Structures are given as structure tokens and as C-alpha cells.
>>> print(open('run18.cif').read())   # mmCIF, C-alpha atoms and all ligand atoms
data_data
#
loop_
_atom_site.group_PDB
_atom_site.id
_atom_site.type_symbol
_atom_site.label_atom_id
_atom_site.label_comp_id
_atom_site.auth_asym_id
_atom_site.auth_seq_id
_atom_site.Cartn_x
_atom_site.Cartn_y
_atom_site.Cartn_z
ATOM 1 C CA MET A 13 12.438 9.827 1.797
ATOM 2 C CA ASN A 14 14.833 7.082 2.868
ATOM 3 C CA ASN A 15 16.134 4.800 0.145
ATOM 4 C CA ARG A 16 17.861 2.239 2.305
ATOM 5 C CA PHE A 17 16.930 -0.585 -0.074
ATOM 6 C CA ASP A 18 17.976 0.794 -3.467
ATOM 7 C CA GLY A 19 19.433 -2.161 -5.379
ATOM 8 C CA LYS A 20 18.786 -4.536 -2.469
ATOM 9 C CA VAL A 21 17.055 -7.913 -2.688
ATOM 10 C CA VAL A 22 14.700 -8.622 0.195
ATOM 11 C CA LEU A 23 13.174 -12.086 0.681
ATOM 12 C CA ILE A 24 10.062 -12.271 2.875
ATOM 13 C CA THR A 25 8.091 -15.331 3.989
ATOM 14 C CA GLY A 26 4.472 -14.905 4.993
ATOM 15 C CA GLY A 27 4.494 -11.973 2.567
ATOM 16 C CA GLY A 28 0.819 -12.366 1.729
ATOM 17 C CA SER A 29 -0.595 -10.913 4.931
ATOM 18 C CA GLY A 30 -0.071 -9.040 8.178
ATOM 19 C CA LEU A 31 3.495 -8.348 9.252
ATOM 20 C CA GLY A 32 5.106 -9.793 6.119
ATOM 21 C CA GLN A 33 2.961 -7.606 3.911
ATOM 22 C CA ALA A 34 3.642 -4.517 6.035
ATOM 23 C CA ALA A 35 7.408 -5.095 5.807
ATOM 24 C CA ALA A 36 7.136 -5.675 2.054
ATOM 25 C CA LEU A 37 5.369 -2.338 1.572
ATOM 26 C CA GLN A 38 7.956 -0.469 3.640
ATOM 27 C CA VAL A 39 11.054 -1.884 1.926
ATOM 28 C CA ALA A 40 9.457 -1.575 -1.527
ATOM 29 C CA LYS A 41 8.836 2.137 -0.875
ATOM 30 C CA GLU A 42 12.565 2.398 -0.240
ATOM 31 C CA GLY A 43 13.653 0.740 -3.475
ATOM 32 C CA ALA A 44 13.845 -3.024 -2.691
ATOM 33 C CA LYS A 45 13.506 -5.827 -5.184
ATOM 34 C CA LEU A 46 11.149 -8.254 -3.502
ATOM 35 C CA VAL A 47 10.714 -11.990 -3.307
ATOM 36 C CA LEU A 48 7.503 -12.830 -1.477
ATOM 37 C CA VAL A 49 6.810 -16.367 -0.291
ATOM 38 C CA ASP A 50 3.488 -17.604 1.084
ATOM 39 C CA LEU A 51 1.213 -20.647 1.076
ATOM 40 C CA ASN A 52 -1.637 -18.481 -0.116
ATOM 41 C CA GLN A 53 -1.253 -17.426 -3.736
ATOM 42 C CA ALA A 54 -4.205 -15.021 -3.756
ATOM 43 C CA ALA A 55 -2.748 -13.241 -0.738
ATOM 44 C CA LEU A 56 0.595 -12.910 -2.533
ATOM 45 C CA GLU A 57 -1.138 -11.330 -5.545
ATOM 46 C CA GLU A 58 -2.852 -8.869 -3.201
ATOM 47 C CA THR A 59 0.461 -7.835 -1.624
ATOM 48 C CA LYS A 60 2.019 -7.418 -5.065
ATOM 49 C CA GLN A 61 -0.802 -5.129 -6.116
ATOM 50 C CA LYS A 62 -0.374 -2.994 -2.980
ATOM 51 C CA VAL A 63 3.392 -2.847 -3.558
ATOM 52 C CA LEU A 64 2.947 -1.694 -7.143
ATOM 53 C CA GLU A 65 0.522 1.037 -6.055
ATOM 54 C CA LEU A 66 3.254 2.441 -3.790
ATOM 55 C CA ALA A 67 6.268 1.627 -5.926
ATOM 56 C CA PRO A 68 5.179 1.152 -9.552
ATOM 57 C CA ASN A 69 8.682 0.184 -10.751
ATOM 58 C CA ALA A 70 9.298 -2.419 -8.048
ATOM 59 C CA GLU A 71 10.428 -5.851 -9.225
ATOM 60 C CA VAL A 72 8.404 -8.480 -7.362
ATOM 61 C CA LEU A 73 8.805 -12.247 -7.601
ATOM 62 C CA LEU A 74 5.997 -14.298 -6.007
ATOM 63 C CA ILE A 75 6.623 -17.869 -4.877
ATOM 64 C CA THR A 76 3.853 -20.067 -3.519
ATOM 65 C CA ALA A 77 5.497 -22.432 -1.045
ATOM 66 C CA ASN A 78 5.097 -24.116 2.305
ATOM 67 C CA VAL A 79 7.921 -23.073 4.644
ATOM 68 C CA ALA A 80 7.519 -26.361 6.553
ATOM 69 C CA ASP A 81 8.638 -28.283 3.442
ATOM 70 C CA GLU A 82 12.434 -28.318 3.276
ATOM 71 C CA LYS A 83 12.552 -28.887 -0.504
ATOM 72 C CA ALA A 84 10.173 -25.968 -1.069
ATOM 73 C CA VAL A 85 12.439 -23.780 1.068
ATOM 74 C CA GLU A 86 15.552 -24.838 -0.866
ATOM 75 C CA ASN A 87 13.625 -24.011 -4.033
ATOM 76 C CA TYR A 88 12.507 -20.527 -2.948
ATOM 77 C CA VAL A 89 16.077 -19.664 -1.975
ATOM 78 C CA ASN A 90 17.454 -21.000 -5.290
ATOM 79 C CA GLN A 91 14.806 -19.137 -7.284
ATOM 80 C CA THR A 92 15.681 -15.911 -5.478
ATOM 81 C CA VAL A 93 19.373 -16.236 -6.309
ATOM 82 C CA GLU A 94 18.684 -17.326 -9.907
ATOM 83 C CA THR A 95 16.394 -14.334 -10.449
ATOM 84 C CA PHE A 96 18.196 -11.544 -8.599
ATOM 85 C CA GLY A 97 21.731 -12.913 -8.052
ATOM 86 C CA LYS A 98 21.903 -12.349 -4.270
ATOM 87 C CA ILE A 99 19.934 -11.995 -1.020
ATOM 88 C CA ASP A 100 20.638 -8.851 1.003
ATOM 89 C CA SER A 101 17.936 -9.290 3.627
ATOM 90 C CA PHE A 102 15.690 -12.131 4.734
ATOM 91 C CA PHE A 103 12.512 -11.611 6.784
ATOM 92 C CA ASN A 104 11.927 -15.186 8.021
ATOM 93 C CA ASN A 105 8.428 -14.471 9.205
ATOM 94 C CA ALA A 106 5.733 -16.972 8.176
ATOM 95 C CA GLY A 107 3.961 -18.528 11.139
ATOM 96 C CA ILE A 108 0.714 -19.804 12.587
ATOM 97 C CA GLU A 109 -0.777 -19.618 16.052
ATOM 98 C CA GLY A 110 -2.502 -22.974 16.383
ATOM 99 C CA LYS A 111 -5.493 -23.762 18.561
ATOM 100 C CA GLN A 112 -5.526 -22.489 22.132
ATOM 101 C CA ASN A 113 -5.731 -25.188 24.786
ATOM 102 C CA LEU A 114 -4.332 -26.422 28.078
ATOM 103 C CA THR A 115 -1.104 -28.403 27.769
ATOM 104 C CA GLU A 116 -2.830 -31.724 28.575
ATOM 105 C CA ASP A 117 -5.432 -31.107 25.874
ATOM 106 C CA PHE A 118 -3.180 -29.412 23.345
ATOM 107 C CA GLY A 119 -2.835 -32.497 21.163
ATOM 108 C CA ILE A 120 0.252 -34.064 19.643
ATOM 109 C CA GLU A 121 -0.789 -33.367 16.054
ATOM 110 C CA GLU A 122 -1.532 -29.741 16.765
ATOM 111 C CA PHE A 123 1.781 -29.362 18.579
ATOM 112 C CA GLN A 124 3.696 -30.885 15.682
ATOM 113 C CA LYS A 125 1.836 -28.783 13.120
ATOM 114 C CA VAL A 126 2.698 -25.506 14.858
ATOM 115 C CA VAL A 127 6.317 -26.504 15.484
ATOM 116 C CA ASN A 128 6.708 -27.654 11.861
ATOM 117 C CA VAL A 129 5.746 -24.269 10.486
ATOM 118 C CA ASN A 130 7.073 -21.865 13.121
ATOM 119 C CA LEU A 131 10.298 -23.571 14.150
ATOM 120 C CA ASN A 132 11.263 -26.034 11.412
ATOM 121 C CA GLY A 133 10.224 -23.508 8.757
ATOM 122 C CA VAL A 134 12.436 -20.821 10.279
ATOM 123 C CA PHE A 135 15.345 -23.280 10.615
ATOM 124 C CA TYR A 136 15.060 -24.427 6.980
ATOM 125 C CA GLY A 137 15.002 -20.794 5.843
ATOM 126 C CA MET A 138 18.141 -20.022 7.844
ATOM 127 C CA LYS A 139 19.882 -23.188 6.635
ATOM 128 C CA TYR A 140 19.616 -22.204 2.971
ATOM 129 C CA VAL A 141 19.779 -18.397 3.218
ATOM 130 C CA LEU A 142 22.756 -18.254 5.606
ATOM 131 C CA LYS A 143 24.810 -20.385 3.199
ATOM 132 C CA VAL A 144 24.188 -17.792 0.461
ATOM 133 C CA MET A 145 24.913 -14.847 2.767
ATOM 134 C CA LYS A 146 28.108 -16.420 4.102
ATOM 135 C CA GLU A 147 29.406 -16.779 0.535
ATOM 136 C CA GLN A 148 28.410 -13.178 -0.229
ATOM 137 C CA GLY A 149 30.076 -11.898 2.950
ATOM 138 C CA TYR A 150 27.054 -9.820 3.928
ATOM 139 C CA GLY A 151 23.360 -10.039 4.733
ATOM 140 C CA SER A 152 20.828 -9.693 7.497
ATOM 141 C CA VAL A 153 18.258 -12.160 8.749
ATOM 142 C CA VAL A 154 15.271 -11.099 10.820
ATOM 143 C CA ASN A 155 13.280 -13.974 12.335
ATOM 144 C CA THR A 156 9.786 -13.374 13.662
ATOM 145 C CA ALA A 157 9.535 -14.679 17.219
ATOM 146 C CA SER A 158 6.874 -13.254 19.573
ATOM 147 C CA VAL A 159 6.296 -12.100 23.133
ATOM 148 C CA GLY A 160 5.253 -15.764 23.386
ATOM 149 C CA GLY A 161 8.918 -16.573 22.620
ATOM 150 C CA ILE A 162 10.266 -14.679 25.639
ATOM 151 C CA ARG A 163 7.385 -15.010 28.151
ATOM 152 C CA GLY A 164 4.819 -17.627 29.072
ATOM 153 C CA VAL A 165 1.378 -16.658 27.784
ATOM 154 C CA GLY A 166 -0.685 -19.789 28.457
ATOM 155 C CA ASN A 167 -2.789 -22.110 26.292
ATOM 156 C CA GLN A 168 -0.132 -22.018 23.587
ATOM 157 C CA SER A 169 2.182 -25.030 24.010
ATOM 158 C CA GLY A 170 3.079 -25.296 20.321
ATOM 159 C CA TYR A 171 3.426 -21.565 19.811
ATOM 160 C CA ALA A 172 5.501 -21.079 22.977
ATOM 161 C CA ALA A 173 7.829 -23.973 22.161
ATOM 162 C CA SER A 174 8.299 -22.870 18.574
ATOM 163 C CA LYS A 175 8.802 -19.154 19.295
ATOM 164 C CA HIS A 176 11.219 -19.786 22.179
ATOM 165 C CA GLY A 177 12.992 -22.041 19.697
ATOM 166 C CA VAL A 178 13.179 -19.207 17.159
ATOM 167 C CA VAL A 179 14.869 -17.015 19.784
ATOM 168 C CA GLY A 180 17.357 -19.823 20.473
ATOM 169 C CA LEU A 181 18.116 -20.323 16.775
ATOM 170 C CA THR A 182 18.635 -16.581 16.405
ATOM 171 C CA ARG A 183 21.139 -16.375 19.254
ATOM 172 C CA ASN A 184 22.982 -19.467 18.065
ATOM 173 C CA SER A 185 23.278 -18.503 14.386
ATOM 174 C CA GLY A 186 24.071 -14.863 15.143
ATOM 175 C CA ILE A 187 27.120 -16.049 17.047
ATOM 176 C CA GLU A 188 28.164 -18.348 14.192
ATOM 177 C CA TYR A 189 27.687 -15.953 11.268
ATOM 178 C CA GLY A 190 28.690 -12.533 12.658
ATOM 179 C CA GLN A 191 32.270 -13.233 11.572
ATOM 180 C CA TYR A 192 31.080 -13.480 7.944
ATOM 181 C CA GLY A 193 29.443 -10.043 7.977
ATOM 182 C CA VAL A 194 25.989 -11.548 8.455
ATOM 183 C CA SER A 195 23.706 -10.528 11.324
ATOM 184 C CA VAL A 196 20.813 -12.581 12.670
ATOM 185 C CA LYS A 197 18.173 -11.052 14.899
ATOM 186 C CA ALA A 198 14.600 -11.697 15.963
ATOM 187 C CA ILE A 199 11.635 -9.484 16.667
ATOM 188 C CA ALA A 200 9.141 -10.263 19.416
ATOM 189 C CA PRO A 201 5.847 -8.588 18.538
ATOM 190 C CA GLY A 202 3.087 -8.337 21.119
ATOM 191 C CA ALA A 203 -0.530 -8.253 19.983
ATOM 192 C CA ILE A 204 -0.568 -6.641 16.541
ATOM 193 C CA MET A 205 -3.909 -6.363 14.766
ATOM 194 C CA THR A 206 -3.402 -8.695 11.793
ATOM 195 C CA PRO A 207 -5.681 -11.422 10.372
ATOM 196 C CA MET A 208 -3.893 -13.880 12.726
ATOM 197 C CA VAL A 209 -4.916 -11.951 15.846
ATOM 198 C CA GLU A 210 -8.420 -11.418 14.509
ATOM 199 C CA GLY A 211 -8.648 -15.221 14.123
ATOM 200 C CA SER A 212 -7.384 -15.711 17.643
ATOM 201 C CA LEU A 213 -9.974 -13.314 19.113
ATOM 202 C CA LYS A 214 -12.675 -15.103 17.136
ATOM 203 C CA GLN A 215 -11.569 -18.374 18.786
ATOM 204 C CA MET A 216 -12.299 -16.739 22.148
ATOM 205 C CA ASP A 217 -15.726 -15.360 21.177
ATOM 206 C CA PRO A 218 -16.855 -15.514 17.542
ATOM 207 C CA ASP A 219 -19.804 -13.102 17.986
ATOM 208 C CA ASN A 220 -18.199 -10.544 20.234
ATOM 209 C CA TRP A 221 -14.550 -10.598 19.212
ATOM 210 C CA GLU A 222 -14.068 -6.838 18.872
ATOM 211 C CA GLU A 223 -15.165 -6.291 22.486
ATOM 212 C CA VAL A 224 -12.954 -9.200 23.560
ATOM 213 C CA GLY A 225 -10.110 -7.437 21.759
ATOM 214 C CA LYS A 226 -10.653 -4.202 23.685
ATOM 215 C CA GLN A 227 -10.518 -6.072 26.996
ATOM 216 C CA PHE A 228 -7.565 -8.108 25.812
ATOM 217 C CA VAL A 229 -5.339 -5.017 25.444
ATOM 218 C CA GLN A 230 -6.376 -3.302 28.706
ATOM 219 C CA PRO A 231 -3.376 -4.700 30.672
ATOM 220 C CA ASN A 232 -0.989 -3.419 27.994
ATOM 221 C CA PRO A 233 0.775 -0.210 29.112
ATOM 222 C CA MET A 234 -0.376 1.435 25.866
ATOM 223 C CA LYS A 235 -3.879 -0.073 26.022
ATOM 224 C CA ARG A 236 -4.057 -0.823 22.332
ATOM 225 C CA PHE A 237 -3.054 -3.297 19.653
ATOM 226 C CA GLY A 238 0.054 -2.608 17.619
ATOM 227 C CA LYS A 239 -0.378 -1.772 13.950
ATOM 228 C CA PRO A 240 1.192 -3.913 11.225
ATOM 229 C CA GLU A 241 2.976 -0.864 9.780
ATOM 230 C CA GLU A 242 4.673 -0.248 13.158
ATOM 231 C CA VAL A 243 6.233 -3.691 12.862
ATOM 232 C CA GLY A 244 6.959 -2.961 9.190
ATOM 233 C CA TYR A 245 9.091 0.065 10.220
ATOM 234 C CA LEU A 246 11.047 -2.014 12.754
ATOM 235 C CA ALA A 247 11.546 -4.916 10.349
ATOM 236 C CA ALA A 248 12.753 -2.536 7.619
ATOM 237 C CA PHE A 249 15.286 -0.953 9.978
ATOM 238 C CA LEU A 250 16.563 -4.350 11.135
ATOM 239 C CA LEU A 251 16.744 -5.643 7.551
ATOM 240 C CA SER A 252 18.721 -2.570 6.439
ATOM 241 C CA ASP A 253 22.478 -1.921 6.636
ATOM 242 C CA GLN A 254 21.796 0.542 9.460
ATOM 243 C CA ALA A 255 21.260 -2.405 11.818
ATOM 244 C CA ASN A 256 24.334 -4.485 10.887
ATOM 245 C CA PHE A 257 25.768 -4.415 14.425
ATOM 246 C CA ILE A 258 22.538 -5.642 16.017
ATOM 247 C CA ASN A 259 23.165 -9.380 16.144
ATOM 248 C CA ALA A 260 22.121 -12.550 18.021
ATOM 249 C CA THR A 261 19.410 -10.737 19.937
ATOM 250 C CA VAL A 262 15.656 -10.296 20.127
ATOM 251 C CA ILE A 263 13.873 -6.934 19.935
ATOM 252 C CA PRO A 264 10.392 -6.680 21.504
ATOM 253 C CA ILE A 265 7.728 -4.487 19.874
ATOM 254 C CA ASP A 266 4.816 -4.812 22.240
ATOM 255 C CA GLY A 267 3.918 -1.483 23.887
ATOM 256 C CA GLY A 268 5.784 -2.618 27.011
ATOM 257 C CA GLN A 269 3.838 -5.848 27.477
ATOM 258 C CA SER A 270 6.840 -8.147 27.958
ATOM 259 C CA TYR A 271 8.100 -6.145 30.953
ATOM 260 C CA LYS A 272 4.700 -6.218 32.617
ATOM 261 C CA TYR A 273 2.949 -9.539 31.907
HETATM 262 P P1 LIG B 1 -1.020 -13.525 9.249
HETATM 263 O O1 LIG B 1 -1.813 -14.757 9.438
HETATM 264 O O2 LIG B 1 -1.674 -12.238 8.940
HETATM 265 O O3 LIG B 1 0.106 -13.762 8.141
HETATM 266 C C1 LIG B 1 0.874 -14.926 8.109
HETATM 267 C C2 LIG B 1 1.107 -15.328 6.674
HETATM 268 O O4 LIG B 1 1.931 -16.506 6.683
HETATM 269 C C3 LIG B 1 -0.171 -15.671 5.929
HETATM 270 O O5 LIG B 1 -0.215 -15.013 4.673
HETATM 271 C C4 LIG B 1 -0.083 -17.187 5.747
HETATM 272 O O6 LIG B 1 -0.680 -17.649 4.536
HETATM 273 C C5 LIG B 1 1.417 -17.411 5.738
HETATM 274 N N1 LIG B 1 1.752 -18.776 6.136
HETATM 275 C C6 LIG B 1 1.240 -19.480 7.177
HETATM 276 N N2 LIG B 1 1.762 -20.706 7.191
HETATM 277 C C7 LIG B 1 2.619 -20.782 6.152
HETATM 278 C C8 LIG B 1 3.453 -21.814 5.629
HETATM 279 N N3 LIG B 1 3.484 -23.038 6.193
HETATM 280 N N4 LIG B 1 4.205 -21.549 4.541
HETATM 281 C C9 LIG B 1 4.157 -20.338 3.946
HETATM 282 N N5 LIG B 1 3.382 -19.333 4.386
HETATM 283 C C10 LIG B 1 2.618 -19.556 5.470
HETATM 284 O O7 LIG B 1 -0.168 -13.404 10.595
HETATM 285 P P2 LIG B 1 0.808 -12.261 11.139
HETATM 286 O O8 LIG B 1 0.186 -11.728 12.355
HETATM 287 O O9 LIG B 1 1.262 -11.367 10.060
HETATM 288 O O10 LIG B 1 2.018 -13.189 11.596
HETATM 289 C C11 LIG B 1 3.289 -13.141 11.001
HETATM 290 C C12 LIG B 1 4.298 -13.672 11.981
HETATM 291 O O11 LIG B 1 4.286 -12.824 13.129
HETATM 292 C C13 LIG B 1 4.016 -15.078 12.497
HETATM 293 O O12 LIG B 1 5.231 -15.782 12.630
HETATM 294 C C14 LIG B 1 3.394 -14.836 13.855
HETATM 295 O O13 LIG B 1 3.567 -15.907 14.737
HETATM 296 C C15 LIG B 1 4.174 -13.618 14.287
HETATM 297 N N6 LIG B 1 3.559 -12.829 15.354
HETATM 298 C C16 LIG B 1 2.398 -12.159 15.143
HETATM 299 C C17 LIG B 1 1.856 -11.410 16.181
HETATM 300 C C18 LIG B 1 0.591 -10.642 16.029
HETATM 301 O O14 LIG B 1 0.090 -10.150 17.043
HETATM 302 N N7 LIG B 1 0.051 -10.480 14.839
HETATM 303 C C19 LIG B 1 2.495 -11.357 17.423
HETATM 304 C C20 LIG B 1 3.690 -12.053 17.586
HETATM 305 C C21 LIG B 1 4.219 -12.777 16.541
#
>>> encode(input="run18.cif", output="C-alpha cells", more="lines below")
Ligand code: NAD
Amino acid sequence: MNNRFDGKVVLITGGGSGLGQAAALQVAKEGAKLVLVDLNQAALEETKQKVLELAPNAEVLLITANVADEKAVENYVNQTVETFGKIDSFFNNAGIEGKQNLTEDFGIEEFQKVVNVNLNGVFYGMKYVLKVMKEQGYGSVVNTASVGGIRGVGNQSGYAASKHGVVGLTRNSGIEYGQYGVSVKAIAPGAIMTPMVEGSLKQMDPDNWEEVGKQFVQPNPMKRFGKPEEVGYLAAFLLSDQANFINATVIPIDGGQSYKY
């Protein structure tokens, strides 16, 4: 078994569900000390329980916080350093999809809500974590963008703006911080079957969402949804020292979707 995270401190936002939870399980199996941040406290407790089933000796700090609140972000970063003394890896992942609608009907409030969480939240996380990593002289940041951050998908003004913004922040900060031994990269998942995607399919057809899902992935070269653990493997690799020279770039994990549609 790999032990790439022995003695390492890994901070994950959106750790209560989906991709954040999958990454938490993977790095915990490989020895990480975990700090999990989420709005949803019950979800955090559930992730912790799953982590301890896999890695009974894992140290896990749970922090209930809203990533769109700058003070809460400063606090989760401070608490991490006070508890574990450093941050080796940061999975800056929490995000929401928002309601699907044409641009003219998208709504200003909805747009601002999605951008506040997905873009401002990622920026605040980088602002406070990169300062710590620069002082340490090492660290890796993995931001969660999306295929919707490198392609147009439609009906997703807030999501598209925020995820394209995450790609931009990643490229910009990777160029700034590489010289300090810190790498910054983004992942661009396609449709991965998490509670977020289930919610999105239910927006399309609440009674028939599983069938809608099957049709939804037909154009994908692999004709299926991705699995959260597949993203967990990629995130763990990118968060580990093995990926130090991958910097200021975005890695798709989408079955080939972004080269086709
Ligand atoms: P999810 O809904 O299963 O998990 C997201 C978690 O983030 C939840 O536990 C939620 O409580 C938390 N969260 C939401 N807003 C928050 C906030 N303001 N502060 C703190 N925590 C908050 O979704 P997921 O599919 O695991 O998504 C994770 C990330 O991956 C998101 O950024 C999403 O945009 C991105 N993504 C997902 C897919 C996919 O197909 N699942 C594809 C591309 C990108």
C-alpha cells in the first residue's frame, strides 16, 4: 500500500460529501492527518466515521464553516496550523451548482450566490493557505474547477463564470508561488455521480431522474458517470509530493467529455 501521506496534514473543504469525502478517504488510508471543512456538520461527522473505519488511528479535525465567509476561512486556516503546525496539502473543493437557467433568467442573486461560494471561497482559501505554504517553503493546492470551467455547458452562468475563474486563479497563483516550492493546480471533473449531480438531475426531472442520467451520459465517450473514488485517486496524487512539478494547470477527469462536447 502507498503511504504518500504519512505525517502529512491535508486540509479539505467540502469534506462532508462527494469529491471532498472521496479524497479524504484516500489520503487517510495513506496516513494523512485530516482537517475537514464543510457547512454541513452532520455530513462532516459522517465522513469522519468513514475515515475511522478505514484508518482507525487517523487524526481528524472537523470545522463547520462557510467558505464564502472570509473570516471563517481565516479561522479554519488558523485552526489547522494551531492544531497540526503546518499544511502540506489543500484540496480547495467546496462548491455549489446553482439553479439551471438561461442567462437572461439566471437572476442576479443566484449569480452572486454561486460566485460567492465557488470563486470567492476558493480565492479566500488560497489567500490564507498560500501565505502559510510560502513561509513553510512547500505545499500543494488543488482547486476544484469543472468541465464547466474549460467549456461552455449552457444554463449555468454562475457556475461557468465561477469555475472559469477558478482556472484563472490557479494559473495566476501557480506562476506566483512555484518559486517558493508551492504548486497550485486545478482539476476539471466531468459528470461524477455525487449528491450534487443527483440534485442536478432531479432539477431536470424529479420523478425520472435516473433515466435522465442514463441519457445524460450517452454523448460521453465512456457512456457513464465518473465515480467519486476515481476523482479521489486523482486528487490524492495531485495533493502528494509525487505531483510537485505539476503547476499552474488544469487536469480534466471526464471520460473524454471536454475534447468532444
Ligand atoms: P457535493 O454537493 O456532494 O459536496 C459538496 C460539499 O460542499 C457538501 O458537503 C456541501 O455541504 C459543501 N459546501 C457547499 N457549499 C459550501 C460552503 N459555502 N461552505 C462550506 N462547504 C460548502 O458536491 P460534489 O459533487 O462533491 O462537488 C464538489 C466540488 O466538485 C464542487 O466544487 C463542484 O462544483 C465540483 N464538481 C463536481 C462535479 C460532479 O459531477 N460531481 C463536476 C465538476 C465539478
>>> closest_residue(input="run18.cif", among="A:Arg183, A:His176, A:Arg236, A:Lys83", to="Gly202 of chain A", atoms="all atoms listed in the file")
A:Arg236
>>> axis_aligned_box(input="run18.cif", around="segment 225-236 of chain A", padding_each_side="5 Å", output="JSON")
{"center_x": -4.9, "center_y": -3.3, "center_z": 26.2, "size_x": 21.4, "size_y": 19.5, "size_z": 18.9}
>>> resolve_selection(input="run18.cif", expression="the PyMOL selection byres (((chain A and resi 228) around 12) and not hetatm)", output="PyMOL selection string")
chain A and resi 202-205+209-210+212-213+216-217+221-227+229-237+269
>>> closest_residue(input="run18.cif", among="A:Tyr88, A:Tyr140, A:Phe118, A:Tyr150", to="ligand LIG 1 (chain B)", atoms="only C-alpha atoms and all ligand atoms")
A:Tyr88
>>> resolve_selection(input="run18.cif", expression="the PyMOL selection byres (((not hetatm)) within 7 of (chain B and resi 1))", output="VMD selection string")
chain A and resid 25 to 32 49 to 52 55 77 to 80 105 to 109 129 to 130 156 to 159 200 to 209
>>> resolve_selection(input="run18.cif", expression="the PyMOL selection byres (((chain A and resi 166-173) around 12) and not hetatm)", output="JSON, numbers by chain")
{"A": [107, 108, 109, 110, 111, 112, 113, 114, 115, 116, 117, 118, 119, 120, 121, 122, 123, 124, 125, 126, 127, 128, 129, 130, 131, 132, 157, 158, 159, 160, 161, 162, 163, 164, 165, 174, 175, 176, 177, 178, 179, 180, 200, 212, 216, 273]}
>>> closest_residue(input="run18.cif", among="A:Asn259, A:Asp266, A:Gly151, A:Phe96", to="Pro240 of chain A", atoms="all atoms listed in the file")
A:Asp266
>>> build_atoms(input="run18.cif", residues="segment 170-181 of chain A", atoms="N, CA and C atoms", output="compact mmCIF listing (two decimals), in the frame of the given file")
# COMPACT_ATOMS: atom_id res chain seq x y z
N GLY A 170 2.35 -25.22 21.60
CA GLY A 170 3.08 -25.30 20.32
C GLY A 170 3.70 -23.96 19.97
N TYR A 171 2.94 -22.91 20.15
CA TYR A 171 3.43 -21.56 19.81
C TYR A 171 4.60 -21.19 20.72
N ALA A 172 4.43 -21.43 22.03
CA ALA A 172 5.50 -21.08 22.98
C ALA A 172 6.78 -21.85 22.67
N ALA A 173 6.64 -23.16 22.44
CA ALA A 173 7.83 -23.97 22.16
C ALA A 173 8.50 -23.49 20.89
N SER A 174 7.70 -23.24 19.86
CA SER A 174 8.30 -22.87 18.57
C SER A 174 8.92 -21.48 18.64
N LYS A 175 8.27 -20.52 19.29
CA LYS A 175 8.80 -19.15 19.30
C LYS A 175 10.01 -19.03 20.23
N HIS A 176 9.99 -19.75 21.36
CA HIS A 176 11.22 -19.79 22.18
C HIS A 176 12.35 -20.42 21.36
N GLY A 177 12.00 -21.41 20.56
CA GLY A 177 12.99 -22.04 19.70
C GLY A 177 13.56 -21.06 18.68
N VAL A 178 12.71 -20.21 18.13
CA VAL A 178 13.18 -19.21 17.16
C VAL A 178 14.18 -18.26 17.82
N VAL A 179 13.92 -17.89 19.06
CA VAL A 179 14.87 -17.02 19.78
C VAL A 179 16.20 -17.75 19.96
N GLY A 180 16.14 -19.03 20.30
CA GLY A 180 17.36 -19.82 20.47
C GLY A 180 18.14 -19.94 19.17
N LEU A 181 17.44 -20.22 18.08
CA LEU A 181 18.12 -20.32 16.77
C LEU A 181 18.79 -19.01 16.41
